[in-house]
>>> print(open('work-v4.pdb').read())   # PDB, C-alpha atoms
ATOM      1  CA  MET A   1       0.000   0.000   0.000
ATOM      2  CA  ARG A   2       2.986   2.350   0.389
ATOM      3  CA  GLY A   3       3.101   3.253  -3.299
ATOM      4  CA  VAL A   4      -0.683   3.478  -3.589
ATOM      5  CA  CYS A   5      -0.844   5.846  -0.615
ATOM      6  CA  LYS A   6       2.216   8.018  -1.257
ATOM      7  CA  VAL A   7       1.942   8.447  -5.008
ATOM      8  CA  TYR A   8      -1.763   8.035  -5.804
ATOM      9  CA  LEU A   9      -4.016   8.653  -2.792
ATOM     10  CA  ASN A  10      -1.972  11.336  -1.029
ATOM     11  CA  SER A  11      -1.751  13.370  -4.212
ATOM     12  CA  TYR A  12      -5.406  12.740  -5.031
ATOM     13  CA  PHE A  13      -6.662  14.088  -1.708
ATOM     14  CA  SER A  14      -4.244  17.014  -1.885
ATOM     15  CA  PHE A  15      -6.336  18.464  -4.729
ATOM     16  CA  ASN A  16      -9.780  16.870  -4.309
ATOM     17  CA  LEU A  17     -11.854  18.074  -1.371
ATOM     18  CA  PRO A  18     -14.939  16.398   0.170
ATOM     19  CA  LYS A  19     -17.034  19.559   0.232
ATOM     20  CA  ASN A  20     -20.521  20.328  -1.104
ATOM     21  CA  ASN A  21     -21.006  16.589  -1.746
ATOM     22  CA  SER A  22     -18.931  16.933  -4.908
ATOM     23  CA  ILE A  23     -16.055  14.677  -3.889
ATOM     24  CA  VAL A  24     -15.311  11.720  -6.124
ATOM     25  CA  TYR A  25     -13.959   9.005  -3.849
ATOM     26  CA  PRO A  26     -11.333   6.795  -5.499
ATOM     27  CA  ILE A  27     -12.068   3.094  -5.970
ATOM     28  CA  LEU A  28      -9.229   0.577  -5.763
ATOM     29  CA  ILE A  29      -9.993  -2.430  -7.953
ATOM     30  CA  GLY A  30      -8.333  -5.794  -7.713
ATOM     31  CA  ALA A  31      -8.404  -7.139  -4.138
ATOM     32  CA  GLU A  32      -8.234 -10.932  -4.442
ATOM     33  CA  ASN A  33      -7.431 -13.972  -2.350
ATOM     34  CA  PRO A  34      -4.063 -15.247  -3.629
ATOM     35  CA  ASN A  35      -4.646 -18.595  -1.868
ATOM     36  CA  LYS A  36      -7.892 -19.436  -3.634
ATOM     37  CA  PRO A  37      -7.926 -22.589  -5.797
ATOM     38  CA  ASN A  38      -6.495 -22.037  -9.275
ATOM     39  CA  ALA A  39      -5.426 -18.491  -8.369
ATOM     40  CA  LEU A  40      -3.356 -16.880 -11.112
ATOM     41  CA  PRO A  41      -0.457 -14.513 -10.411
ATOM     42  CA  TYR A  42      -0.913 -10.841 -11.239
ATOM     43  CA  SER A  43      -0.621  -9.923 -14.893
ATOM     44  CA  HIS A  44      -1.482  -6.828 -16.912
ATOM     45  CA  TRP A  45      -4.520  -8.655 -18.252
ATOM     46  CA  LYS A  46      -6.141  -8.370 -14.830
ATOM     47  CA  LYS A  47      -6.368  -4.607 -15.330
ATOM     48  CA  VAL A  48      -8.676  -5.342 -18.260
ATOM     49  CA  GLU A  49     -10.586  -8.236 -16.720
ATOM     50  CA  ASN A  50     -11.121  -6.845 -13.226
ATOM     51  CA  VAL A  51     -12.168  -3.345 -14.287
ATOM     52  CA  TYR A  52     -14.764  -4.905 -16.595
ATOM     53  CA  LYS A  53     -15.985  -7.198 -13.794
ATOM     54  CA  PHE A  54     -16.518  -4.169 -11.599
ATOM     55  CA  LEU A  55     -18.272  -2.038 -14.217
ATOM     56  CA  ALA A  56     -20.558  -4.952 -15.157
ATOM     57  CA  SER A  57     -21.378  -5.758 -11.514
ATOM     58  CA  PRO A  58     -24.190  -4.357  -9.338
ATOM     59  CA  ALA A  59     -21.351  -3.347  -7.014
ATOM     60  CA  SER A  60     -20.654  -0.461  -9.423
ATOM     61  CA  ASN A  61     -24.211   0.902  -9.191
ATOM     62  CA  ILE A  62     -22.945   3.822  -7.128
ATOM     63  CA  ILE A  63     -21.773   5.067 -10.533
ATOM     64  CA  ASP A  64     -24.542   5.882 -13.011
ATOM     65  CA  ASP A  65     -24.156   4.714 -16.612
ATOM     66  CA  GLU A  66     -24.011   8.360 -17.726
ATOM     67  CA  ASP A  67     -21.340   9.240 -15.173
ATOM     68  CA  TYR A  68     -17.681   9.462 -16.094
ATOM     69  CA  VAL A  69     -15.067   6.991 -14.946
ATOM     70  CA  ILE A  70     -11.330   7.561 -14.967
ATOM     71  CA  PHE A  71      -9.024   4.581 -14.796
ATOM     72  CA  SER A  72      -5.411   5.012 -13.750
ATOM     73  CA  ASP A  73      -2.625   2.758 -12.603
ATOM     74  CA  ALA A  74      -2.313   2.938  -8.828
ATOM     75  CA  THR A  75       1.406   3.113  -8.030
ATOM     76  CA  ASP A  76       2.769   5.443 -10.710
ATOM     77  CA  VAL A  77      -0.071   7.925 -11.329
ATOM     78  CA  SER A  78      -0.245  11.142  -9.301
ATOM     79  CA  TYR A  79      -2.964  13.787  -9.307
ATOM     80  CA  VAL A  80      -2.120  17.488  -9.473
ATOM     81  CA  ASN A  81      -5.548  19.011 -10.057
ATOM     82  CA  ASP A  82      -9.251  18.774  -9.216
ATOM     83  CA  ILE A  83     -10.645  15.749 -11.014
ATOM     84  CA  ASN A  84     -13.939  17.557 -11.608
ATOM     85  CA  ASN A  85     -12.144  19.619 -14.252
ATOM     86  CA  PHE A  86     -12.390  16.523 -16.421
ATOM     87  CA  ILE A  87     -16.063  17.207 -17.179
ATOM     88  CA  THR A  88     -15.485  20.555 -18.883
ATOM     89  CA  ILE A  89     -12.386  19.384 -20.762
ATOM     90  CA  TYR A  90     -14.073  16.216 -21.993
ATOM     91  CA  GLU A  91     -17.417  17.711 -22.981
ATOM     92  CA  GLU A  92     -16.243  21.012 -24.469
ATOM     93  CA  TYR A  93     -13.096  19.763 -26.179
ATOM     94  CA  PHE A  94     -13.069  16.030 -26.775
ATOM     95  CA  LEU A  95     -16.832  15.721 -27.401
ATOM     96  CA  LYS A  96     -17.958  18.952 -29.020
ATOM     97  CA  GLU A  97     -14.827  20.201 -30.756
ATOM     98  CA  LEU A  98     -13.070  16.984 -31.754
ATOM     99  CA  SER A  99     -15.987  14.553 -32.118
ATOM    100  CA  ASN A 100     -18.920  16.807 -33.056
ATOM    101  CA  ILE A 101     -21.004  15.205 -30.318
ATOM    102  CA  ASP A 102     -23.568  17.135 -28.293
ATOM    103  CA  PRO A 103     -23.571  15.811 -24.705
ATOM    104  CA  ILE A 104     -27.300  16.546 -24.389
ATOM    105  CA  LYS A 105     -28.669  15.508 -27.772
ATOM    106  CA  ASP A 106     -26.316  12.632 -28.557
ATOM    107  CA  LYS A 107     -26.523  10.512 -25.435
ATOM    108  CA  GLU A 108     -27.152   7.320 -27.402
ATOM    109  CA  LYS A 109     -24.078   7.703 -29.591
ATOM    110  CA  GLU A 110     -20.804   6.014 -28.806
ATOM    111  CA  TRP A 111     -18.698   8.616 -27.021
ATOM    112  CA  PRO A 112     -14.902   8.457 -27.338
ATOM    113  CA  ILE A 113     -12.633   6.953 -24.725
ATOM    114  CA  ILE A 114      -9.653   9.228 -24.023
ATOM    115  CA  LEU A 115      -6.267   7.584 -23.544
ATOM    116  CA  GLN A 116      -2.987   9.055 -22.453
ATOM    117  CA  ALA A 117      -0.296   9.926 -25.003
ATOM    118  CA  GLU A 118       3.419   9.207 -24.771
ATOM    119  CA  LEU A 119       6.511   9.575 -26.947
ATOM    120  CA  ASN A 120       7.267   5.880 -27.244
ATOM    121  CA  GLN A 121       5.456   3.333 -29.412
ATOM    122  CA  TRP A 122       4.852   0.208 -27.340
ATOM    123  CA  PRO A 123       4.632  -2.749 -27.689
ATOM    124  CA  PRO A 124       6.878  -4.068 -30.486
ATOM    125  CA  ASN A 125       5.248  -5.506 -33.593
ATOM    126  CA  ASP A 126       5.700  -9.116 -32.539
ATOM    127  CA  TYR A 127       3.281  -8.701 -29.623
ATOM    128  CA  LEU A 128       0.420  -7.886 -31.964
ATOM    129  CA  LEU A 129       1.636 -10.365 -34.571
ATOM    130  CA  SER A 130       1.788 -13.310 -32.201
ATOM    131  CA  GLN A 131      -0.909 -12.663 -29.610
ATOM    132  CA  TYR A 132      -3.965 -12.069 -31.824
ATOM    133  CA  LYS A 133      -5.897 -14.088 -34.355
ATOM    134  CA  ARG A 134      -6.580 -11.454 -36.971
ATOM    135  CA  THR A 135      -9.064 -11.077 -39.771
ATOM    136  CA  ASP A 136      -7.788  -9.916 -43.145
ATOM    137  CA  LYS A 137      -9.173  -6.444 -42.451
ATOM    138  CA  GLU A 138      -7.508  -6.271 -39.030
ATOM    139  CA  THR A 139      -4.208  -7.377 -40.552
ATOM    140  CA  GLU A 140      -4.521  -4.719 -43.231
ATOM    141  CA  LEU A 141      -5.106  -1.967 -40.656
ATOM    142  CA  LEU A 142      -2.266  -3.122 -38.414
ATOM    143  CA  GLU A 143       0.183  -3.329 -41.292
ATOM    144  CA  LYS A 144      -0.802   0.130 -42.519
ATOM    145  CA  TYR A 145      -0.930   2.015 -39.215
ATOM    146  CA  TYR A 146       1.146   0.115 -36.648
ATOM    147  CA  PHE A 147       3.696  -2.271 -38.129
ATOM    148  CA  ASN A 148       4.734   0.311 -40.705
ATOM    149  CA  GLU A 149       5.342   2.967 -38.052
ATOM    150  CA  ARG A 150       8.921   1.902 -37.389
ATOM    151  CA  LYS A 151       9.732   2.469 -41.047
ATOM    152  CA  ASP A 152       7.462   5.423 -41.770
ATOM    153  CA  PHE A 153       6.842   7.929 -38.981
ATOM    154  CA  ASN A 154       3.660   9.173 -40.677
ATOM    155  CA  SER A 155       1.634   6.000 -40.314
ATOM    156  CA  TYR A 156       0.307   5.933 -36.723
ATOM    157  CA  PRO A 157      -3.296   7.257 -36.753
ATOM    158  CA  ILE A 158      -3.907  10.610 -35.050
ATOM    159  CA  HIS A 159      -6.722  13.102 -34.565
ATOM    160  CA  LYS A 160      -6.476  16.819 -35.263
ATOM    161  CA  ASN A 161      -5.474  17.471 -31.615
ATOM    162  CA  CYS A 162      -2.113  15.767 -32.273
ATOM    163  CA  ASN A 163       0.964  17.399 -33.742
ATOM    164  CA  ARG A 164       2.899  14.592 -35.392
ATOM    165  CA  GLU A 165       6.124  16.608 -35.331
ATOM    166  CA  LYS A 166       6.067  16.619 -31.523
ATOM    167  CA  LYS A 167       6.011  12.798 -31.575
ATOM    168  CA  ARG A 168       3.728  12.654 -28.490
ATOM    169  CA  ILE A 169       1.116  10.661 -30.392
ATOM    170  CA  TYR A 170       1.240   7.057 -29.093
ATOM    171  CA  LEU A 171      -1.417   5.802 -26.711
ATOM    172  CA  ASN A 172      -0.612   4.524 -23.251
ATOM    173  CA  SER A 173      -3.169   2.452 -21.359
ATOM    174  CA  GLY A 174      -2.157   3.512 -17.849
ATOM    175  CA  PHE A 175      -4.793   6.276 -17.859
ATOM    176  CA  TYR A 176      -8.101   6.360 -19.736
ATOM    177  CA  ALA A 177     -11.480   7.968 -19.241
ATOM    178  CA  GLY A 178     -15.016   8.186 -20.601
ATOM    179  CA  ARG A 179     -18.623   7.521 -19.721
ATOM    180  CA  LYS A 180     -19.171   4.385 -17.668
ATOM    181  CA  ARG A 181     -21.336   2.835 -20.378
ATOM    182  CA  ASP A 182     -18.688   3.455 -23.059
ATOM    183  CA  VAL A 183     -15.767   2.174 -21.002
ATOM    184  CA  ARG A 184     -17.752  -0.944 -20.059
ATOM    185  CA  LYS A 185     -18.619  -1.581 -23.698
ATOM    186  CA  LEU A 186     -14.994  -1.197 -24.807
ATOM    187  CA  LEU A 187     -13.791  -3.567 -22.095
ATOM    188  CA  LYS A 188     -16.529  -6.054 -22.960
ATOM    189  CA  ILE A 189     -15.207  -6.127 -26.529
ATOM    190  CA  ALA A 190     -11.701  -6.667 -25.135
ATOM    191  CA  ASN A 191     -12.827  -9.503 -22.866
ATOM    192  CA  PHE A 192     -15.197 -11.376 -25.161
ATOM    193  CA  ASP A 193     -15.004 -10.320 -28.815
ATOM    194  CA  LEU A 194     -11.317 -10.720 -29.617
ATOM    195  CA  ASN A 195      -9.559 -13.958 -30.531
ATOM    196  CA  PHE A 196      -6.173 -14.615 -28.969
ATOM    197  CA  ASN A 197      -3.349 -16.982 -29.808
ATOM    198  CA  GLU A 198      -2.188 -17.074 -26.207
ATOM    199  CA  PRO A 199      -3.855 -17.397 -22.782
ATOM    200  CA  LYS A 200      -5.350 -14.113 -21.628
ATOM    201  CA  PRO A 201      -2.931 -13.695 -18.688
ATOM    202  CA  ARG A 202      -0.146 -13.334 -21.273
ATOM    203  CA  ILE A 203      -1.907 -10.517 -23.144
ATOM    204  CA  GLU A 204      -0.154  -7.168 -22.708
ATOM    205  CA  ASP A 205      -2.688  -4.433 -21.885
ATOM    206  CA  GLN A 206      -1.088  -1.628 -23.903
ATOM    207  CA  GLY A 207      -0.862  -3.913 -26.920
ATOM    208  CA  LEU A 208      -4.526  -4.723 -26.386
ATOM    209  CA  PHE A 209      -5.587  -1.060 -26.410
ATOM    210  CA  ASN A 210      -3.443  -0.409 -29.467
ATOM    211  CA  PHE A 211      -5.158  -3.335 -31.190
ATOM    212  CA  LEU A 212      -8.585  -1.914 -30.278
ATOM    213  CA  TYR A 213      -7.534   1.545 -31.472
ATOM    214  CA  ILE A 214      -5.882   0.580 -34.751
ATOM    215  CA  THR A 215      -8.676  -1.836 -35.733
ATOM    216  CA  LYS A 216     -11.352   0.740 -34.825
ATOM    217  CA  LYS A 217     -13.344  -1.388 -32.390
ATOM    218  CA  TYR A 218     -14.540   1.724 -30.552
ATOM    219  CA  PRO A 219     -13.977   5.501 -30.768
ATOM    220  CA  ILE A 220     -10.679   6.348 -29.060
ATOM    221  CA  ILE A 221      -8.858   9.689 -28.888
ATOM    222  CA  VAL A 222      -5.280  10.016 -27.695
ATOM    223  CA  ASP A 223      -4.643  12.985 -25.389
ATOM    224  CA  CYS A 224      -1.631  14.325 -27.308
ATOM    225  CA  GLU A 225      -1.853  17.782 -25.700
ATOM    226  CA  PHE A 226      -1.872  16.273 -22.183
ATOM    227  CA  LYS A 227      -4.975  18.197 -21.197
ATOM    228  CA  LEU A 228      -5.862  15.307 -18.872
ATOM    229  CA  VAL A 229      -2.629  13.462 -18.138
ATOM    230  CA  TYR A 230       1.078  13.827 -18.877
ATOM    231  CA  SER A 231       3.641  11.075 -19.343
ATOM    232  CA  PRO A 232       7.247  12.102 -18.613
ATOM    233  CA  PHE A 233       8.521   8.742 -19.855
ATOM    234  CA  ILE A 234      11.976   9.191 -21.506
ATOM    235  CA  VAL A 235      11.706  12.966 -20.873
ATOM    236  CA  CYS A 236      11.779  13.113 -17.060
ATOM    237  CA  ALA A 237      13.711  16.382 -17.203
ATOM    238  CA  ASN A 238      10.625  18.095 -18.658
ATOM    239  CA  LEU A 239       8.978  17.910 -15.224
ATOM    240  CA  LYS A 240      10.402  20.759 -13.120
ATOM    241  CA  ILE A 241       9.878  22.518  -9.804
ATOM    242  CA  ASP A 242       8.173  25.900 -10.264
ATOM    243  CA  ASP A 243       7.428  28.065  -7.221
ATOM    244  CA  LYS A 244       5.026  30.214  -9.252
ATOM    245  CA  SER A 245       2.794  27.281 -10.145
ATOM    246  CA  GLU A 246      -0.273  26.396  -8.077
ATOM    247  CA  TRP A 247       0.799  22.747  -8.052
ATOM    248  CA  GLY A 248       4.457  23.424  -7.344
ATOM    249  CA  CYS A 249       5.813  22.188 -10.668
ATOM    250  CA  LYS A 250       5.586  22.757 -14.397
ATOM    251  CA  ILE A 251       5.812  20.698 -17.577
ATOM    252  CA  ASP A 252       8.513  22.190 -19.756
ATOM    253  CA  GLU A 253       7.131  20.915 -23.054
ATOM    254  CA  LEU A 254       4.929  22.639 -25.610
ATOM    255  CA  ARG A 255       1.395  21.326 -25.844
ATOM    256  CA  GLY A 256       0.840  20.203 -29.398
ATOM    257  CA  PHE A 257       0.423  23.303 -31.532
ATOM    258  CA  GLU A 258       0.790  25.929 -28.791
ATOM    259  CA  LYS A 259       3.732  28.316 -28.939
ATOM    260  CA  GLU A 260       4.308  28.783 -25.216
ATOM    261  CA  ILE A 261       3.745  27.076 -21.887
ATOM    262  CA  ASP A 262       0.676  28.376 -20.069
ATOM    263  CA  LYS A 263       1.137  30.445 -16.925
ATOM    264  CA  ASN A 264       0.217  27.570 -14.610
ATOM    265  CA  GLY A 265       2.846  25.220 -15.940
ATOM    266  CA  ASN A 266       0.760  23.173 -18.395
ATOM    267  CA  ARG A 267      -1.194  21.761 -15.465
ATOM    268  CA  PRO A 268      -3.016  18.529 -16.357
ATOM    269  CA  ILE A 269      -5.220  16.494 -14.025
ATOM    270  CA  GLY A 270      -2.702  13.713 -13.517
ATOM    271  CA  ILE A 271       0.850  12.611 -14.234
ATOM    272  CA  HIS A 272       1.626   9.017 -15.185
ATOM    273  CA  SER A 273       5.292   8.279 -14.720
ATOM    274  CA  ASN A 274       4.992   4.971 -16.528
ATOM    275  CA  ALA A 275       7.721   2.342 -16.536
ATOM    276  CA  GLY A 276       9.085   3.607 -13.231
ATOM    277  CA  ILE A 277       8.779   6.818 -11.253
ATOM    278  CA  CYS A 278      10.770   9.761 -12.611
ATOM    279  CA  PRO A 279      13.064  11.305  -9.987
ATOM    280  CA  THR A 280      11.658  14.668 -11.048
ATOM    281  CA  LEU A 281       8.143  13.480 -10.134
ATOM    282  CA  CYS A 282       9.463  12.487  -6.704
ATOM    283  CA  SER A 283      10.677  16.078  -6.309
ATOM    284  CA  CYS A 284       7.264  17.397  -7.346
ATOM    285  CA  LEU A 285       5.485  15.108  -4.875
ATOM    286  CA  GLN A 286       7.811  16.334  -2.126
ATOM    287  CA  ARG A 287       7.015  19.898  -3.166
ATOM    288  CA  ILE A 288       3.269  19.176  -2.935
ATOM    289  CA  LYS A 289       3.782  17.614   0.504
ATOM    290  CA  ASN A 290       5.733  20.667   1.679
ATOM    291  CA  MET A 291       2.874  22.900   0.528
ATOM    292  CA  GLY A 292       0.736  21.200   3.194
ATOM    293  CA  LEU A 293      -2.282  20.675   0.939
ATOM    294  CA  LEU A 294      -3.098  17.151   2.144
ATOM    295  CA  LYS A 295      -2.796  17.949   5.841
ATOM    296  CA  ASN A 296      -4.857  21.105   5.456
ATOM    297  CA  ASN A 297      -7.607  19.184   3.677
ATOM    298  CA  ILE A 298      -7.585  16.368   6.243
ATOM    299  CA  ASN A 299      -7.738  18.795   9.159
ATOM    300  CA  LYS A 300     -10.478  20.881   7.559
ATOM    301  CA  TYR A 301     -12.855  18.177   6.379
ATOM    302  CA  ASN A 302     -11.765  14.893   8.017
ATOM    303  CA  ASN A 303     -14.174  12.778   5.963
ATOM    304  CA  HIS A 304     -11.919  11.310   3.319
ATOM    305  CA  TYR A 305     -12.753   7.777   2.226
ATOM    306  CA  ILE A 306     -11.587   5.225  -0.293
ATOM    307  CA  TYR A 307     -13.464   2.294  -1.778
ATOM    308  CA  SER A 308     -12.038  -1.129  -2.504
ATOM    309  CA  TYR A 309     -13.632  -3.602  -4.907
ATOM    310  CA  ASN A 310     -13.029  -7.214  -3.927
ATOM    311  CA  VAL A 311     -13.054  -9.212  -7.138
ATOM    312  CA  ASP A 312     -13.542 -12.629  -5.486
ATOM    313  CA  GLU A 313     -16.475 -11.552  -3.322
ATOM    314  CA  ASP A 314     -17.896  -9.034  -5.822
ATOM    315  CA  LYS A 315     -18.222  -6.490  -3.008
ATOM    316  CA  LEU A 316     -17.465  -2.807  -2.737
ATOM    317  CA  LEU A 317     -16.121  -1.828   0.687
ATOM    318  CA  LYS A 318     -15.591   1.662   2.093
ATOM    319  CA  TYR A 319     -12.654   2.620   4.325
ATOM    320  CA  PRO A 320     -11.631   5.859   6.051
ATOM    321  CA  PHE A 321      -8.505   7.263   4.452
ATOM    322  CA  LEU A 322      -6.456   7.926   7.594
ATOM    323  CA  PRO A 323      -6.308   4.356   9.005
ATOM    324  CA  VAL A 324      -5.126   3.166   5.587
ATOM    325  CA  CYS A 325      -2.662   5.884   4.570
ATOM    326  CA  GLY A 326      -2.201   8.131   7.597
ATOM    327  CA  LYS A 327       1.160   6.614   8.539
ATOM    328  CA  PHE A 328       2.606   7.764   5.212
ATOM    329  CA  MET A 329       1.478  11.406   5.449
ATOM    330  CA  ASP A 330       4.624  12.608   7.222
ATOM    331  CA  VAL A 331       7.050  10.439   5.279
ATOM    332  CA  ASP A 332       9.239  12.408   2.880
ATOM    333  CA  TYR A 333       9.681  11.266  -0.695
ATOM    334  CA  THR A 334      12.970   9.685  -1.656
ATOM    335  CA  THR A 335      14.672  11.181  -4.688
ATOM    336  CA  MET A 336      14.519   7.858  -6.512
ATOM    337  CA  ARG A 337      11.736   5.220  -6.626
ATOM    338  CA  CYS A 338       9.551   7.224  -4.272
ATOM    339  CA  ASN A 339       6.627   4.852  -4.847
ATOM    340  CA  ALA A 340       8.610   2.058  -3.180
ATOM    341  CA  TYR A 341      10.394   3.839  -0.316
TER     342      TYR A 341
END
>>> encode(input="work-v4.pdb", output="structure tokens")
Amino acid sequence: MRGVCKVYLNSYFSFNLPKNNSIVYPILIGAENPNKPNALPYSHWKKVENVYKFLASPASNIIDDEDYVIFSDATDVSYVNDINNFITIYEEYFLKELSNIDPIKDKEKEWPIILQAELNQWPPNDYLLSQYKRTDKETELLEKYYFNERKDFNSYPIHKNCNREKKRIYLNSGFYAGRKRDVRKLLKIANFDLNFNEPKPRIEDQGLFNFLYITKKYPIIVDCEFKLVYSPFIVCANLKIDDKSEWGCKIDELRGFEKEIDKNGNRPIGIHSNAGICPTLCSCLQRIKNMGLLKNNINKYNNHYIYSYNVDEDKLLKYPFLPVCGKFMDVDYTTMRCNAY
């Protein structure tokens, strides 16, 4: 729980307050009994299987089908903004501007799922070549848009929000968001409509989402401008301390087509330091801790909770935040691997 508390939950409750009944309490998905008969070790496939189980279960009825859900990895995603900002960004930009969808009139349409963007194309071609039984059409799309990418930089599909010259165009599955009904439908396709050459526990989740994206199984938009989430993978130095910023740091990288960094340091909702925590993110988390935001919020409201979905029992349990994570509130962040120490 150390990484979950220090990186994810502590940052989340630093910027999300339980006031006016508007708080969105985080839900941890994946509690299982490792000693149950035929228990399988953790694999990335469980992120696909268990999130679908939850969204398809009555245990998720606290979330309406029209509500938004945001999935993020738990030990390398930090929050640096109010999660309620997602609604305006998603509806005004990703729905209306990019997708020509009216959130009032077009409720029955398929709304896009937004996935994080990164600079690195992953996985290698052989994952998608070997793990999936493909139709001729799927093979054609993969060869045109994915397999060809390593030879021709102009092949990976993008929307008009992406600047191909910036190279931040490749989806990452560690953070995605959309309406509950749309996310559930996408994950149902992933769980039941695809044909695999290997057992599901061997299926790599980012390869899976790339397969869904390239073969157009559901509307997906990649957040190339990091309006929602930023990945500092292979560019950790772009994440810097900034005393003038409301969140204590800034992202020193131009957003897509913009010509300058905004005055609040290109502040997204979250930061996903995938493939290991960037030392610069550790410095930012320490900066946020020193600002006293979490302690101030705890002292002022003292009604912070987290939910945990037990996959084996199909139950959603509610826990006070302090008994779970309180012992980590005063612990400083190490300069390296701060999700582990």
>>> closest_atom_pairs(input="work-v4.pdb", of="range 49-130 of chain A", to="range 202-216 of chain A", cutoff="8 Å", atoms="all atoms listed in the file", output="CSV")
residue,atom,partner,partner_atom,distance
A:Trp122,CA,A:Gly207,CA,7.1
A:Pro123,CA,A:Gly207,CA,5.7
A:Tyr127,CA,A:Gly207,CA,6.9
A:Leu128,CA,A:Gly207,CA,6.5
>>> axis_aligned_box(input="work-v4.pdb", around="range 223-230 of chain A", padding_each_side="6 Å", output="JSON")
{"center_x": -2.4, "center_y": 15.6, "center_z": -22.7, "size_x": 18.9, "size_y": 17.2, "size_z": 21.2}
>>> resolve_selection(input="work-v4.pdb", expression="the PyMOL selection byres ((chain A and resi 232) around 8)", output="list of chain:residue names")
A:Glu118, A:Tyr230, A:Ser231, A:Phe233, A:Ile234, A:Val235, A:Cys236, A:Ala237, A:Asn238, A:Leu239, A:Ile271, A:His272, A:Ser273, A:Asn274, A:Cys278
>>> atom_distance(input="work-v4.pdb", atom1="CA of Val24 in chain A", atom2="CA of Arg2 in chain A")
21.6 Å
>>> resolve_selection(input="work-v4.pdb", expression="the PyMOL selection byres ((chain A and resi 229) around 6)", output="PDB file with C-alpha atoms, in the coordinates of the input")
ATOM      1  CA  PHE A 226      -1.872  16.273 -22.183  1.00  0.00           C
ATOM      2  CA  LEU A 228      -5.862  15.307 -18.872  1.00  0.00           C
ATOM      3  CA  TYR A 230       1.078  13.827 -18.877  1.00  0.00           C
ATOM      4  CA  PRO A 268      -3.016  18.529 -16.357  1.00  0.00           C
ATOM      5  CA  ILE A 269      -5.220  16.494 -14.025  1.00  0.00           C
ATOM      6  CA  GLY A 270      -2.702  13.713 -13.517  1.00  0.00           C
ATOM      7  CA  ILE A 271       0.850  12.611 -14.234  1.00  0.00           C
TER       8      ILE A 271
END
>>> closest_residue(input="work-v4.pdb", among="A:Phe13, A:Tyr309, A:Phe94, A:Tyr79", to="Glu32 in chain A", atoms="all atoms listed in the file")
A:Tyr309
>>> build_atoms(input="work-v4.pdb", residues="range 154-167 of chain A", atoms="N, CA and C atoms", output="compact mmCIF listing (two decimals), in the coordinates of the input")
# COMPACT_ATOMS: atom_id res chain seq x y z
N ASN A 154 4.96 8.57 -40.40
CA ASN A 154 3.66 9.17 -40.68
C ASN A 154 2.50 8.18 -40.69
N SER A 155 2.69 7.00 -40.17
CA SER A 155 1.63 6.00 -40.31
C SER A 155 0.69 5.89 -39.12
N TYR A 156 1.15 6.13 -37.90
CA TYR A 156 0.31 5.93 -36.72
C TYR A 156 -0.88 6.89 -36.78
N PRO A 157 -2.11 6.40 -36.58
CA PRO A 157 -3.30 7.26 -36.75
C PRO A 157 -3.41 8.30 -35.65
N ILE A 158 -3.74 9.53 -36.02
CA ILE A 158 -3.91 10.61 -35.05
C ILE A 158 -5.15 11.42 -35.38
N HIS A 159 -5.65 12.14 -34.38
CA HIS A 159 -6.72 13.10 -34.56
C HIS A 159 -6.12 14.50 -34.73
N LYS A 160 -6.97 15.47 -34.99
CA LYS A 160 -6.48 16.82 -35.26
C LYS A 160 -5.91 17.51 -34.02
N ASN A 161 -6.08 16.91 -32.82
CA ASN A 161 -5.47 17.47 -31.62
C ASN A 161 -4.00 17.09 -31.48
N CYS A 162 -3.49 16.26 -32.38
CA CYS A 162 -2.11 15.77 -32.27
C CYS A 162 -1.21 16.42 -33.31
N ASN A 163 -0.06 16.84 -32.87
CA ASN A 163 0.96 17.40 -33.74
C ASN A 163 2.02 16.32 -33.96
N ARG A 164 2.02 15.73 -35.14
CA ARG A 164 2.90 14.59 -35.39
C ARG A 164 4.38 14.95 -35.21
N GLU A 165 4.73 16.20 -35.47
CA GLU A 165 6.12 16.61 -35.33
C GLU A 165 6.60 16.55 -33.88
N LYS A 166 5.69 16.68 -32.94
CA LYS A 166 6.07 16.62 -31.52
C LYS A 166 6.32 15.18 -31.06
N LYS A 167 5.82 14.22 -31.83
CA LYS A 167 6.01 12.80 -31.58
C LYS A 167 5.25 12.27 -30.35
